[in-house]
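K.L.:
Pasting a structure here, questions to come.
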Amino acid sequence: MDIIFVCKDGDLGSLLSHFMDAVTAKKAGEDAGLIVAEEALWAVATGELTSRPTLESHFKLEDIKAIGLPTDANGLLKMAGEAGVPVVACGGWTMLLGLQGKLPEGVVAEEVGPHLLKAKKIIGGF
């Protein structure tokens with residue numbers, strides 16, 4: 001992965017932004033991927049997105065769906081998978097959260113250090 005989008009926040013707005021940007025980069029011919037850790041990993045693995053009341057009061061899920069975007073973790077993973085965007089779960093956070101063997105299809109737990117060291121661009125952070 002030349003461009004890595006690091007997701008640590010587990011709210012829909014943050015996840016949607018990172019997943020959309022990674023898919024857009026991939027469709028533009030970039031070698032883009034996602035790393036999920038902390039709250040983002042929990043949200044992707046369990047479907048329990050973090051609430052962000054201030055932001056969420058300014059948009060409606062129906063509006064997001066109306067423009068063809070996903071509003072849940074399964075939809076985000078499907079969007080990434082269809083675009084060929086790899087989703088890597090931080091191995092350390094996978095262990096800390098007790099999610100070994102419980103990750104959804106298409107999400108692999110790995111040590112992320114080597115990915116970060118090889119990347120040309122890292123967007124987001126821990």
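In the structure tokens, the first chain shown is A, the next is B, and so on; residue numbers restart at 1 for each chain, and ligands run from 1 in the order shown.
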Taking the DSSP secondary structure from the backbone, can you list the residues of range 34-95 of chain A that are helix (DSSP H, G or I), as number ranges by chain?
P.N.:
A: 38-46, 53-56, 61-66, 73-83, 91-95
K.L.:
Find the residues around Val108 in chain A up to 8 Å (only C-alpha atoms counted), leave out those fewer than 3 positions away in its own chain, and share them as an MDAnalysis selection string.
P.N.:
chainID A and resid 87:89 103
K.L.:
Between CA of Glu82 in chain A and CA of Lys26 in chain A, measure the distance and give it in Å to one decimal.
P.N.:
10.7 Å
K.L.:
What is the distance between CA of Leu77 in chain A and CA of Gly106 in chain A, in Å to one decimal?
P.N.:
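The value is 7.4 Å.
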K.L.:
Between A:Val44, A:Met79, A:Leu61, A:Ala109, which has the minimum distance to Met20 in chain A (counting only C-alpha atoms)?
P.N.:
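Smallest distance to Met20 in chain A is found for A:Met79.
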K.L.:
Would you pick out the contacts of Cys7 in chain A at 8 Å or less, using only C-alpha atoms, so that residues sharing its chain but fewer than 2 positions from it are not included, and give the list as a PDB file with N, CA and C atoms, in the first residue's frame?
P.N.:
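Once written, part_24.pdb looks like this:
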```
ATOM      1  N   PHE A   5      -4.709   4.993   4.693  1.00  0.00           N
ATOM      2  CA  PHE A   5      -5.649   5.790   5.476  1.00  0.00           C
ATOM      3  C   PHE A   5      -5.796   5.096   6.824  1.00  0.00           C
ATOM      4  N   ASP A   9     -11.012   6.538  14.809  1.00  0.00           N
ATOM      5  CA  ASP A   9     -12.298   6.938  15.378  1.00  0.00           C
ATOM      6  C   ASP A   9     -13.407   6.065  14.798  1.00  0.00           C
ATOM      7  N   GLY A  10     -14.337   5.680  15.657  1.00  0.00           N
ATOM      8  CA  GLY A  10     -15.351   4.718  15.260  1.00  0.00           C
ATOM      9  C   GLY A  10     -16.712   5.291  14.919  1.00  0.00           C
ATOM     10  N   SER A  14     -16.344   9.790  10.488  1.00  0.00           N
ATOM     11  CA  SER A  14     -14.916   9.546  10.320  1.00  0.00           C
ATOM     12  C   SER A  14     -14.659   8.324   9.441  1.00  0.00           C
ATOM     13  N   LEU A  15     -15.347   7.234   9.728  1.00  0.00           N
ATOM     14  CA  LEU A  15     -15.163   6.020   8.938  1.00  0.00           C
ATOM     15  C   LEU A  15     -15.567   6.233   7.483  1.00  0.00           C
ATOM     16  N   HIS A  18     -12.834   8.239   5.621  1.00  0.00           N
ATOM     17  CA  HIS A  18     -11.640   7.459   5.309  1.00  0.00           C
ATOM     18  C   HIS A  18     -11.915   6.396   4.247  1.00  0.00           C
ATOM     19  N   LEU A  34      -6.537   0.685   3.873  1.00  0.00           N
ATOM     20  CA  LEU A  34      -7.011   1.189   5.162  1.00  0.00           C
ATOM     21  C   LEU A  34      -6.411   0.383   6.300  1.00  0.00           C
ATOM     22  N   ILE A  35      -6.043   1.085   7.371  1.00  0.00           N
ATOM     23  CA  ILE A  35      -5.686   0.436   8.623  1.00  0.00           C
ATOM     24  C   ILE A  35      -6.706   0.897   9.650  1.00  0.00           C
ATOM     25  N   VAL A  36      -7.320  -0.067  10.352  1.00  0.00           N
ATOM     26  CA  VAL A  36      -8.282   0.265  11.407  1.00  0.00           C
ATOM     27  C   VAL A  36      -7.708  -0.147  12.752  1.00  0.00           C
ATOM     28  N   ALA A  37      -7.865   0.739  13.739  1.00  0.00           N
ATOM     29  CA  ALA A  37      -7.377   0.486  15.098  1.00  0.00           C
ATOM     30  C   ALA A  37      -8.316   1.180  16.074  1.00  0.00           C
ATOM     31  N   ALA A  40     -12.214   2.539  15.733  1.00  0.00           N
ATOM     32  CA  ALA A  40     -12.560   2.163  14.361  1.00  0.00           C
ATOM     33  C   ALA A  40     -12.538   0.650  14.191  1.00  0.00           C
ATOM     34  N   LEU A  41     -11.558   0.008  14.782  1.00  0.00           N
ATOM     35  CA  LEU A  41     -11.484  -1.450  14.714  1.00  0.00           C
ATOM     36  C   LEU A  41     -12.697  -2.073  15.393  1.00  0.00           C
ATOM     37  N   GLY A 124      -4.136  10.360   8.322  1.00  0.00           N
ATOM     38  CA  GLY A 124      -4.732  10.010   9.604  1.00  0.00           C
ATOM     39  C   GLY A 124      -3.630   9.559  10.535  1.00  0.00           C
ATOM     40  N   GLY A 125      -3.994   9.069  11.683  1.00  0.00           N
ATOM     41  CA  GLY A 125      -2.972   8.621  12.615  1.00  0.00           C
ATOM     42  C   GLY A 125      -3.562   8.062  13.880  1.00  0.00           C
ATOM     43  N   PHE A 126      -2.693   7.539  14.704  1.00  0.00           N
ATOM     44  CA  PHE A 126      -3.113   6.910  15.953  1.00  0.00           C
ATOM     45  C   PHE A 126      -3.207   7.933  17.055  1.00  0.00           C
TER      46      PHE A 126
END
```
K.L.:
Env of Leu16 in chain A: 10 Å cut, atoms = only C-alpha atoms, seq-sep filter 6 positions within chain, self excluded. Answer as a list in words.
P.N.:
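Once the nearby chain positions are removed, what remains is Cys7, Gly10, Ala22, Ile64, Leu69, Pro70, Thr71, Asp72, Ala73, Gly75 and Leu76 of chain A.
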K.L.:
Using DSSP assignments from the backbone, pull out every residue in chain A that falls under strand (DSSP E or B) and give it to me as a list of chain:residue names.
P.N.:
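Result set for chain A (strand (DSSP E or B)): A:Ile3, A:Ile4, A:Phe5, A:Val6, A:Cys7, A:Asp11, A:Ala32, A:Gly33, A:Leu34, A:Ile35, A:Val36, A:Thr50, A:Val87, A:Val88, A:Ala89, A:Cys90, A:Val107, A:Val108, A:Ala109, A:Glu110, A:Lys121, A:Ile122, A:Ile123, A:Gly124.
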K.L.:
Rounded to one decimal, what separation in Å do you get between CA of Ala83 in chain A and CA of His115 in chain A?
P.N.:
19.5 Å
K.L.:
Which of these residues is nearest to Ala25 in chain A, using only C-alpha atoms: A:Ala43, A:Ile123, A:Thr94, A:Leu117?
P.N.:
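Selected residue with least distance to Ala25 in chain A: A:Ile123.
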K.L.:
Of the candidates A:Leu97, A:Ala80, A:Ala32, A:Val6, which shows the shortest atom-to-atom distance to Ala45 in chain A, using only C-alpha atoms?
P.N.:
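Closest to Ala45 in chain A, using only C-alpha atoms: A:Leu97.
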K.L.:
Taking only C-alpha atoms into account, which of A:Leu12, A:Val85, A:Leu99, A:Cys90 comes nearest Val112 in chain A?
P.N.:
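The shortest atom-to-atom distance to Val112 in chain A comes from A:Cys90.
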K.L.:
Looking at only C-alpha atoms, which of A:Thr54, A:Gly33, A:Thr24, A:Glu38 is the one that sits closest to Lys120 in chain A?
P.N.:
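The closest residue to Lys120 in chain A is A:Gly33.
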